[in-house]
file input.pdb (PDB, C-alpha atoms)
MODEL        1
ATOM      1  CA  MET A   1     -75.078 -24.593  29.113
ATOM      2  CA  ALA A   2     -74.561 -20.830  28.957
ATOM      3  CA  GLU A   3     -70.940 -19.615  28.813
ATOM      4  CA  THR A   4     -71.179 -17.832  32.181
ATOM      5  CA  ALA A   5     -72.563 -20.909  33.919
ATOM      6  CA  GLN A   6     -69.901 -23.061  32.285
ATOM      7  CA  ARG A   7     -67.116 -20.809  33.632
ATOM      8  CA  HIS A   8     -68.643 -20.940  37.124
ATOM      9  CA  TRP A   9     -68.893 -24.722  36.899
ATOM     10  CA  HIS A  10     -65.246 -24.902  35.774
ATOM     11  CA  ARG A  11     -64.052 -22.877  38.790
ATOM     12  CA  GLY A  12     -66.031 -24.991  41.223
ATOM     13  CA  LEU A  13     -64.516 -28.246  39.988
ATOM     14  CA  ALA A  14     -60.947 -27.568  41.095
ATOM     15  CA  GLY A  15     -61.483 -29.221  44.463
ATOM     16  CA  VAL A  16     -63.786 -31.969  43.206
ATOM     17  CA  LEU A  17     -61.164 -33.984  41.375
ATOM     18  CA  LEU A  18     -59.333 -35.185  44.449
ATOM     19  CA  VAL A  19     -61.022 -36.339  47.641
ATOM     20  CA  MET A  20     -62.459 -32.894  48.221
ATOM     21  CA  GLY A  21     -59.164 -31.549  49.503
ATOM     22  CA  ALA A  22     -60.001 -27.928  48.671
ATOM     23  CA  TRP A  23     -63.118 -26.111  47.564
ATOM     24  CA  GLY A  24     -62.270 -23.995  44.555
ATOM     25  CA  LEU A  25     -58.950 -23.216  42.938
ATOM     26  CA  GLY A  26     -58.382 -20.056  45.005
ATOM     27  CA  ASP A  27     -58.866 -21.864  48.323
ATOM     28  CA  LEU A  28     -56.929 -24.812  46.970
ATOM     29  CA  LEU A  29     -53.843 -22.756  46.167
ATOM     30  CA  SER A  30     -54.023 -20.758  49.386
ATOM     31  CA  ALA A  31     -54.001 -24.034  51.298
ATOM     32  CA  CYS A  32     -50.462 -24.766  50.111
ATOM     33  CA  SER A  33     -47.876 -24.783  52.856
ATOM     34  CA  ALA A  34     -44.175 -24.081  53.194
ATOM     35  CA  VAL A  35     -43.819 -27.297  55.191
ATOM     36  CA  PRO A  36     -41.210 -29.599  53.514
ATOM     37  CA  GLN A  37     -42.690 -32.328  51.338
ATOM     38  CA  THR A  38     -41.289 -35.709  50.314
ATOM     39  CA  PHE A  39     -42.296 -37.201  46.956
ATOM     40  CA  THR A  40     -43.564 -40.781  47.402
ATOM     41  CA  GLY A  41     -45.047 -41.753  44.037
ATOM     42  CA  ILE A  42     -47.706 -41.355  41.357
ATOM     43  CA  HIS A  43     -51.260 -42.742  41.270
ATOM     44  CA  GLY A  44     -53.264 -43.185  38.077
ATOM     45  CA  ASP A  45     -57.020 -43.796  38.192
ATOM     46  CA  ARG A  46     -59.165 -44.903  35.282
ATOM     47  CA  HIS A  47     -62.404 -44.042  37.026
ATOM     48  CA  ARG A  48     -63.524 -42.072  40.081
ATOM     49  CA  LEU A  49     -67.018 -41.355  41.367
ATOM     50  CA  THR A  50     -67.678 -38.645  43.950
ATOM     51  CA  LEU A  51     -70.944 -38.366  45.885
ATOM     52  CA  GLY A  52     -71.453 -35.236  47.969
ATOM     53  CA  PHE A  53     -74.036 -35.182  50.775
ATOM     54  CA  ARG A  54     -75.334 -32.791  53.400
ATOM     55  CA  VAL A  55     -75.771 -34.511  56.770
ATOM     56  CA  LYS A  56     -76.319 -33.201  60.302
ATOM     57  CA  PRO A  57     -73.385 -30.806  60.840
ATOM     58  CA  GLU A  58     -73.102 -31.440  64.570
ATOM     59  CA  VAL A  59     -72.712 -35.169  63.936
ATOM     60  CA  VAL A  60     -70.035 -34.853  61.271
ATOM     61  CA  GLN A  61     -68.169 -32.232  63.315
ATOM     62  CA  GLY A  62     -67.965 -34.786  66.111
ATOM     63  CA  CYS A  63     -66.037 -37.096  63.778
ATOM     64  CA  LEU A  64     -63.224 -34.594  63.183
ATOM     65  CA  PRO A  65     -59.984 -34.494  65.178
ATOM     66  CA  ALA A  66     -59.331 -31.295  67.140
ATOM     67  CA  PRO A  67     -58.943 -28.499  66.208
ATOM     68  CA  TRP A  68     -60.260 -29.099  62.672
ATOM     69  CA  GLN A  69     -63.596 -27.470  61.841
ATOM     70  CA  LEU A  70     -66.204 -28.470  59.286
ATOM     71  CA  HIS A  71     -65.763 -26.371  56.122
ATOM     72  CA  PRO A  72     -68.210 -27.244  53.303
ATOM     73  CA  PRO A  73     -67.736 -25.752  49.814
ATOM     74  CA  ALA A  74     -69.195 -22.240  49.683
ATOM     75  CA  SER A  75     -69.793 -22.363  45.913
ATOM     76  CA  GLY A  76     -69.669 -24.660  42.931
ATOM     77  CA  PRO A  77     -71.454 -27.924  42.152
ATOM     78  CA  PHE A  78     -71.032 -29.302  45.702
ATOM     79  CA  GLU A  79     -71.943 -26.135  47.577
ATOM     80  CA  GLY A  80     -73.054 -27.012  51.096
ATOM     81  CA  ALA A  81     -71.992 -30.674  51.004
ATOM     82  CA  ASN A  82     -70.302 -31.650  54.275
ATOM     83  CA  ILE A  83     -69.406 -35.293  53.651
ATOM     84  CA  PHE A  84     -68.212 -37.132  50.553
ATOM     85  CA  VAL A  85     -68.009 -40.745  49.447
ATOM     86  CA  VAL A  86     -65.299 -41.181  46.802
ATOM     87  CA  LEU A  87     -65.009 -44.435  44.843
ATOM     88  CA  VAL A  88     -61.627 -44.994  43.204
ATOM     89  CA  ASP A  89     -60.766 -47.580  40.550
ATOM     90  CA  ARG A  90     -56.969 -47.326  40.349
ATOM     91  CA  VAL A  91     -55.077 -48.625  37.348
ATOM     92  CA  ARG A  92     -51.525 -47.714  38.403
ATOM     93  CA  ASP A  93     -49.655 -47.108  41.672
ATOM     94  CA  ASP A  94     -45.965 -46.227  41.250
ATOM     95  CA  ASP A  95     -43.363 -45.561  43.935
ATOM     96  CA  ALA A  96     -40.959 -42.603  43.906
ATOM     97  CA  GLU A  97     -38.574 -44.484  41.570
ATOM     98  CA  GLY A  98     -41.319 -45.217  39.059
ATOM     99  CA  ASN A  99     -41.719 -48.879  39.934
ATOM    100  CA  SER A 100     -45.255 -50.247  39.920
ATOM    101  CA  LYS A 101     -46.737 -51.286  43.274
ATOM    102  CA  SER A 102     -50.032 -52.381  41.712
ATOM    103  CA  ARG A 103     -51.117 -55.974  42.253
ATOM    104  CA  GLY A 104     -54.327 -56.809  40.432
ATOM    105  CA  ALA A 105     -57.522 -54.814  40.947
ATOM    106  CA  ASP A 106     -56.903 -51.825  43.214
ATOM    107  CA  ARG A 107     -60.088 -50.162  44.448
ATOM    108  CA  ILE A 108     -60.515 -47.772  47.360
ATOM    109  CA  ILE A 109     -63.642 -46.222  48.877
ATOM    110  CA  ASN A 110     -63.091 -43.037  50.894
ATOM    111  CA  VAL A 111     -65.465 -41.389  53.365
ATOM    112  CA  ALA A 112     -64.141 -37.837  53.659
ATOM    113  CA  VAL A 113     -65.066 -34.528  55.280
ATOM    114  CA  PRO A 114     -64.092 -31.026  54.076
ATOM    115  CA  ALA A 115     -62.380 -29.192  56.929
ATOM    116  CA  ARG A 116     -60.370 -26.111  57.850
ATOM    117  CA  HIS A 117     -57.655 -25.732  60.465
ATOM    118  CA  PRO A 118     -58.567 -22.612  62.512
ATOM    119  CA  GLU A 119     -54.959 -21.828  63.479
ATOM    120  CA  THR A 120     -53.290 -22.161  60.066
ATOM    121  CA  ALA A 121     -56.341 -21.521  57.784
ATOM    122  CA  GLU A 122     -55.349 -24.595  55.747
ATOM    123  CA  THR A 123     -58.143 -26.569  54.117
ATOM    124  CA  ALA A 124     -57.984 -30.334  53.808
ATOM    125  CA  SER A 125     -60.006 -33.445  53.276
ATOM    126  CA  ILE A 126     -60.223 -35.478  56.484
ATOM    127  CA  ILE A 127     -60.437 -39.200  55.735
ATOM    128  CA  LEU A 128     -62.798 -40.774  58.269
ATOM    129  CA  GLY A 129     -62.552 -44.292  56.896
ATOM    130  CA  GLY A 130     -63.397 -46.570  54.019
ATOM    131  CA  TRP A 131     -62.422 -49.807  52.335
ATOM    132  CA  ALA A 132     -59.665 -51.158  50.112
ATOM    133  CA  SER A 133     -59.683 -54.208  47.868
ATOM    134  CA  THR A 134     -55.956 -54.999  48.227
ATOM    135  CA  PRO A 135     -54.237 -56.001  51.493
ATOM    136  CA  ALA A 136     -51.379 -53.572  50.784
ATOM    137  CA  ASN A 137     -53.796 -50.668  51.330
ATOM    138  CA  VAL A 138     -55.155 -51.982  54.655
ATOM    139  CA  PRO A 139     -55.105 -49.988  56.886
ATOM    140  CA  GLY A 140     -53.214 -47.826  54.383
ATOM    141  CA  PHE A 141     -51.312 -44.581  54.818
ATOM    142  CA  TYR A 142     -54.194 -42.992  56.744
ATOM    143  CA  GLN A 143     -54.594 -46.076  58.989
ATOM    144  CA  VAL A 144     -58.376 -46.139  58.456
ATOM    145  CA  TYR A 145     -59.179 -48.575  55.628
ATOM    146  CA  ARG A 146     -60.696 -52.021  56.100
ATOM    147  CA  LYS A 147     -60.371 -54.960  53.729
ATOM    148  CA  ALA A 148     -63.358 -55.533  51.477
ATOM    149  CA  ALA A 149     -64.468 -57.441  48.425
ATOM    150  CA  VAL A 150     -65.211 -54.787  45.798
ATOM    151  CA  ARG A 151     -67.102 -55.602  42.604
ATOM    152  CA  VAL A 152     -67.281 -52.930  39.910
ATOM    153  CA  GLU A 153     -69.132 -52.813  36.606
ATOM    154  CA  HIS A 154     -68.857 -49.908  34.203
ATOM    155  CA  ALA A 155     -70.566 -49.653  30.817
ATOM    156  CA  LEU A 156     -70.771 -46.903  28.199
ATOM    157  CA  LYS A 157     -73.304 -46.557  25.401
ATOM    158  CA  SER A 158     -72.842 -43.890  22.754
ATOM    159  CA  GLN A 159     -75.665 -41.435  22.091
ATOM    160  CA  GLU A 160     -76.334 -38.894  19.357
ATOM    161  CA  GLY A 161     -73.743 -36.141  19.206
ATOM    162  CA  ASP A 162     -71.153 -36.089  21.984
ATOM    163  CA  ALA A 163     -73.253 -37.717  24.697
ATOM    164  CA  GLU A 164     -72.558 -41.013  26.471
ATOM    165  CA  GLU A 165     -74.944 -43.021  28.603
ATOM    166  CA  ALA A 166     -72.991 -44.621  31.440
ATOM    167  CA  THR A 167     -73.927 -47.284  33.963
ATOM    168  CA  ASP A 168     -71.847 -47.713  37.125
ATOM    169  CA  LEU A 169     -72.346 -50.506  39.647
ATOM    170  CA  TRP A 170     -70.302 -50.785  42.863
ATOM    171  CA  ASP A 171     -70.753 -53.500  45.495
ATOM    172  CA  VAL A 172     -68.558 -53.356  48.597
ATOM    173  CA  GLN A 173     -68.680 -56.159  51.158
ATOM    174  CA  ASP A 174     -66.606 -55.683  54.312
ATOM    175  CA  ALA A 175     -64.339 -58.705  54.756
ATOM    176  CA  ALA A 176     -65.189 -58.843  58.472
ATOM    177  CA  GLY A 177     -68.918 -58.702  57.761
ATOM    178  CA  ALA A 178     -69.338 -55.156  59.118
ATOM    179  CA  GLY A 179     -71.696 -53.863  56.458
ATOM    180  CA  GLY A 180     -70.550 -52.262  53.237
ATOM    181  CA  MET A 181     -71.742 -50.038  50.402
ATOM    182  CA  ARG A 182     -73.772 -50.337  47.220
ATOM    183  CA  LEU A 183     -74.158 -47.855  44.370
ATOM    184  CA  ARG A 184     -76.244 -48.040  41.210
ATOM    185  CA  LEU A 185     -75.873 -45.064  38.870
ATOM    186  CA  GLN A 186     -77.069 -44.506  35.329
ATOM    187  CA  SER A 187     -76.261 -41.094  33.893
ATOM    188  CA  LEU A 188     -75.864 -39.107  30.695
ATOM    189  CA  ARG A 189     -72.471 -37.471  30.156
ATOM    190  CA  GLU A 190     -71.963 -34.758  27.559
ATOM    191  CA  VAL A 191     -68.342 -34.806  26.441
ATOM    192  CA  ASP A 192     -68.296 -31.136  25.423
ATOM    193  CA  ARG A 193     -69.099 -30.187  29.053
ATOM    194  CA  ARG A 194     -66.280 -32.299  30.488
ATOM    195  CA  VAL A 195     -63.821 -30.145  32.439
ATOM    196  CA  ARG A 196     -60.062 -30.641  32.648
ATOM    197  CA  GLU A 197     -58.450 -29.390  35.843
ATOM    198  CA  ARG A 198     -55.123 -29.416  37.636
ATOM    199  CA  GLY A 199     -54.210 -28.287  41.132
ATOM    200  CA  GLU A 200     -53.130 -29.300  44.609
ATOM    201  CA  ALA A 201     -55.054 -30.601  47.604
ATOM    202  CA  HIS A 202     -54.254 -31.717  51.154
ATOM    203  CA  VAL A 203     -55.573 -34.946  52.685
ATOM    204  CA  VAL A 204     -55.359 -35.793  56.405
ATOM    205  CA  SER A 205     -56.184 -38.839  58.523
ATOM    206  CA  ALA A 206     -58.973 -38.522  61.102
ATOM    207  CA  LYS A 207     -57.257 -41.197  63.194
ATOM    208  CA  ASP A 208     -53.898 -39.386  63.284
ATOM    209  CA  PRO A 209     -53.834 -35.812  61.885
ATOM    210  CA  ALA A 210     -50.038 -36.053  61.607
ATOM    211  CA  LEU A 211     -50.618 -38.413  58.656
ATOM    212  CA  TRP A 212     -50.831 -35.763  55.961
ATOM    213  CA  GLN A 213     -50.435 -36.024  52.195
ATOM    214  CA  VAL A 214     -50.291 -33.385  49.470
ATOM    215  CA  HIS A 215     -51.704 -34.400  46.087
ATOM    216  CA  LYS A 216     -50.758 -32.531  42.910
ATOM    217  CA  PHE A 217     -53.312 -33.709  40.390
ATOM    218  CA  GLU A 218     -54.656 -33.490  36.882
ATOM    219  CA  GLY A 219     -57.902 -34.977  35.642
ATOM    220  CA  ALA A 220     -61.094 -34.608  33.628
ATOM    221  CA  THR A 221     -64.495 -34.536  35.285
ATOM    222  CA  ASP A 222     -68.186 -34.686  34.411
ATOM    223  CA  VAL A 223     -70.713 -33.297  36.874
ATOM    224  CA  VAL A 224     -73.854 -35.379  36.360
ATOM    225  CA  LYS A 225     -75.826 -33.964  39.281
ATOM    226  CA  SER A 226     -75.606 -30.710  41.208
ATOM    227  CA  VAL A 227     -78.477 -29.310  43.228
ATOM    228  CA  PRO A 228     -76.813 -25.856  43.584
ATOM    229  CA  GLU A 229     -76.052 -25.627  39.843
ATOM    230  CA  GLY A 230     -79.357 -27.099  38.679
ATOM    231  CA  ILE A 231     -77.649 -29.992  36.833
ATOM    232  CA  ASP A 232     -79.378 -33.368  36.690
ATOM    233  CA  GLU A 233     -78.222 -35.918  34.127
ATOM    234  CA  VAL A 234     -78.979 -38.867  36.411
ATOM    235  CA  ARG A 235     -81.379 -41.436  35.003
ATOM    236  CA  ARG A 236     -81.256 -43.984  37.848
ATOM    237  CA  TYR A 237     -79.628 -43.825  41.259
ATOM    238  CA  THR A 238     -79.585 -45.930  44.412
ATOM    239  CA  PHE A 239     -77.056 -45.719  47.223
ATOM    240  CA  GLN A 240     -76.710 -47.668  50.471
ATOM    241  CA  LEU A 241     -74.047 -47.323  53.156
ATOM    242  CA  THR A 242     -74.608 -50.050  55.719
ATOM    243  CA  ALA A 243     -71.428 -49.980  57.833
ATOM    244  CA  PRO A 244     -72.487 -49.358  61.464
ATOM    245  CA  GLU A 245     -69.914 -46.607  62.101
ATOM    246  CA  TYR A 246     -71.714 -44.380  59.587
ATOM    247  CA  SER A 247     -75.242 -45.008  60.863
ATOM    248  CA  THR A 248     -75.491 -41.661  62.703
ATOM    249  CA  LEU A 249     -74.236 -39.800  59.626
ATOM    250  CA  PHE A 250     -76.384 -41.641  57.082
ATOM    251  CA  ASP A 251     -79.551 -42.081  59.111
ATOM    252  CA  GLY A 252     -82.028 -41.389  56.322
ATOM    253  CA  SER A 253     -81.962 -37.612  56.735
ATOM    254  CA  GLU A 254     -78.944 -37.094  54.458
ATOM    255  CA  GLN A 255     -79.417 -35.030  51.296
ATOM    256  CA  LEU A 256     -77.605 -35.777  48.047
ATOM    257  CA  ILE A 257     -75.998 -32.533  46.807
ATOM    258  CA  GLY A 258     -74.088 -33.709  43.777
ATOM    259  CA  ILE A 259     -72.366 -36.458  41.817
ATOM    260  CA  SER A 260     -69.257 -36.131  39.691
ATOM    261  CA  VAL A 261     -67.484 -38.691  37.531
ATOM    262  CA  THR A 262     -63.785 -38.469  36.679
ATOM    263  CA  PRO A 263     -62.928 -40.748  33.732
ATOM    264  CA  TRP A 264     -59.181 -40.188  34.078
ATOM    265  CA  PHE A 265     -57.040 -38.871  36.916
ATOM    266  CA  VAL A 266     -53.310 -38.712  37.726
ATOM    267  CA  ARG A 267     -51.684 -37.334  40.871
ATOM    268  CA  GLN A 268     -48.230 -36.941  42.358
ATOM    269  CA  VAL A 269     -48.210 -37.858  46.046
ATOM    270  CA  PHE A 270     -46.123 -36.065  48.679
ATOM    271  CA  VAL A 271     -45.885 -36.610  52.430
ATOM    272  CA  ARG A 272     -45.399 -33.601  54.692
TER     273      ARG A 272
ENDMDL
END

call {"tool": "encode", "arguments": {"input": "input.pdb", "output": "structure tokens"}}
result
Amino acid sequence: MAETAQRHWHRGLAGVLLVMGAWGLGDLLSACSAVPQTFTGIHGDRHRLTLGFRVKPEVVQGCLPAPWQLHPPASGPFEGANIFVVLVDRVRDDDAEGNSKSRGADRIINVAVPARHPETAETASIILGGWASTPANVPGFYQVYRKAAVRVEHALKSQEGDAEEATDLWDVQDAAGAGGMRLRLQSLREVDRRVRERGEAHVVSAKDPALWQVHKFEGATDVVKSVPEGIDEVRRYTFQLTAPEYSTLFDGSEQLIGISVTPWFVRQVFVR
């Protein structure tokens, strides 16, 4: 990758590491607010997968609480994506005192929309819904998660040089039988192109916009597919989202814009 393209890629990743809470480090920092924040704990993830799609804008806008407006990334590897599916494999969940709240496997699937508040100009990720594997996260802080059985397989195979061939399998079965999600991804990841980022992002509930968190994060990310950046390290890919509430969003006309993989991620969580 040329040096100029690598710098552009680096800038565009600042908002990718979270749940798409901001869309470039400049926007991300300008989204910060003087509203008081209360520290509630630290999350550590051993693996995150982010899929960015472009779907019918009028449909996704109809899912947002007023007065939030759809605000897709204007640049970077997810330019133009207006809905994201973020798969989180969490290894640690600590409270504000540093005590672990983790109980066994802790996996969360987020369906999120990039948005902007027209009155305050703040950008945030609006969580429409998703699933959680542990009862403690149902319905969760955002009051939108459903219980699900989540099966994850992750395998790495070393290649020549600094490359890794990775296989990721996710099967999500809604506990109430209301559909689920399935992902099969095989991709090549070049370690020397991995980007380390830190920043801050805001995440808001679609059910109740007063439920608002601020995430101060650090992580490392590989972009394995980006239509805007001309990156395609994907060898095999299948994705199905069968929950009925997403049928008008994922109706077969959706376009995959990009895929990123974050092999490690830590964030401080604040409530405002």

call {"tool": "resolve_selection", "arguments": {"input": "input.pdb", "expression": "the PyMOL selection byres ((chain A and resi 215-228) around 8)", "output": "compact mmCIF listing (two decimals) with C-alpha atoms, keeping the file's coordinate frame"}}
result
# COMPACT_ATOMS: atom_id res chain seq x y z
CA LEU A 13 -64.52 -28.25 39.99
CA LEU A 17 -61.16 -33.98 41.38
CA LEU A 18 -59.33 -35.18 44.45
CA GLY A 76 -69.67 -24.66 42.93
CA PRO A 77 -71.45 -27.92 42.15
CA PHE A 78 -71.03 -29.30 45.70
CA GLU A 79 -71.94 -26.14 47.58
CA SER A 187 -76.26 -41.09 33.89
CA LEU A 188 -75.86 -39.11 30.70
CA ARG A 189 -72.47 -37.47 30.16
CA GLU A 190 -71.96 -34.76 27.56
CA VAL A 191 -68.34 -34.81 26.44
CA ARG A 193 -69.10 -30.19 29.05
CA ARG A 194 -66.28 -32.30 30.49
CA VAL A 195 -63.82 -30.14 32.44
CA ARG A 196 -60.06 -30.64 32.65
CA GLU A 197 -58.45 -29.39 35.84
CA ARG A 198 -55.12 -29.42 37.64
CA GLY A 199 -54.21 -28.29 41.13
CA GLU A 200 -53.13 -29.30 44.61
CA ALA A 201 -55.05 -30.60 47.60
CA HIS A 202 -54.25 -31.72 51.15
CA VAL A 203 -55.57 -34.95 52.68
CA GLN A 213 -50.44 -36.02 52.20
CA VAL A 214 -50.29 -33.38 49.47
CA GLU A 229 -76.05 -25.63 39.84
CA GLY A 230 -79.36 -27.10 38.68
CA ILE A 231 -77.65 -29.99 36.83
CA ASP A 232 -79.38 -33.37 36.69
CA GLU A 233 -78.22 -35.92 34.13
CA VAL A 234 -78.98 -38.87 36.41
CA ILE A 257 -76.00 -32.53 46.81
CA GLY A 258 -74.09 -33.71 43.78
CA ILE A 259 -72.37 -36.46 41.82
CA SER A 260 -69.26 -36.13 39.69
CA VAL A 261 -67.48 -38.69 37.53
CA THR A 262 -63.78 -38.47 36.68
CA PRO A 263 -62.93 -40.75 33.73
CA TRP A 264 -59.18 -40.19 34.08
CA PHE A 265 -57.04 -38.87 36.92
CA VAL A 266 -53.31 -38.71 37.73
CA ARG A 267 -51.68 -37.33 40.87
CA GLN A 268 -48.23 -36.94 42.36
CA VAL A 269 -48.21 -37.86 46.05
CA PHE A 270 -46.12 -36.06 48.68

call {"tool": "atom_distance", "arguments": {"input": "input.pdb", "atom1": "CA of Ile83 (chain A)", "atom2": "CA of Gln69 (chain A)"}}
result
12.7 Å

call {"tool": "resolve_selection", "arguments": {"input": "input.pdb", "expression": "the PyMOL selection byres ((chain A and resi 54) around 12)", "output": "ChimeraX atom specification"}}
result
/A:51-53,55-60,70-73,78-85,113-114,227,249-258

call {"tool": "closest_residue", "arguments": {"input": "input.pdb", "among": "A:Ser205, A:Thr123, A:Ser75, A:Thr238", "to": "Asn110 (chain A)", "atoms": "all atoms listed in the file"}}
result
A:Ser205

call {"tool": "residues_near_point", "arguments": {"input": "input.pdb", "point": "(-57.6, -36.5, 65.8)", "cutoff": "10 Å", "atoms": "all atoms listed in the file", "output": "VMD selection string"}}
result
chain A and resid 63 to 68 126 204 to 210

call {"tool": "residues_around", "arguments": {"input": "input.pdb", "residues": "Lys147 (chain A)", "least_positions_apart": "6", "cutoff": "9 Å", "atoms": "only C-alpha atoms", "output": "list of chain:residue names"}}
result
A:Gly130, A:Trp131, A:Ala132, A:Ser133, A:Thr134, A:Pro135, A:Asn137, A:Val138, A:Pro139, A:Gln173, A:Asp174, A:Ala175, A:Ala176

call {"tool": "residues_around", "arguments": {"input": "input.pdb", "residues": "Gly129 (chain A)", "least_positions_apart": "4", "cutoff": "6 Å", "atoms": "all atoms listed in the file", "output": "list of chain:residue names"}}
result
A:Val111, A:Val144, A:Tyr145

call {"tool": "closest_residue", "arguments": {"input": "input.pdb", "among": "A:Leu169, A:Val271, A:Leu87, A:Val152", "to": "Asp45 (chain A)", "atoms": "only C-alpha atoms"}}
result
A:Leu87
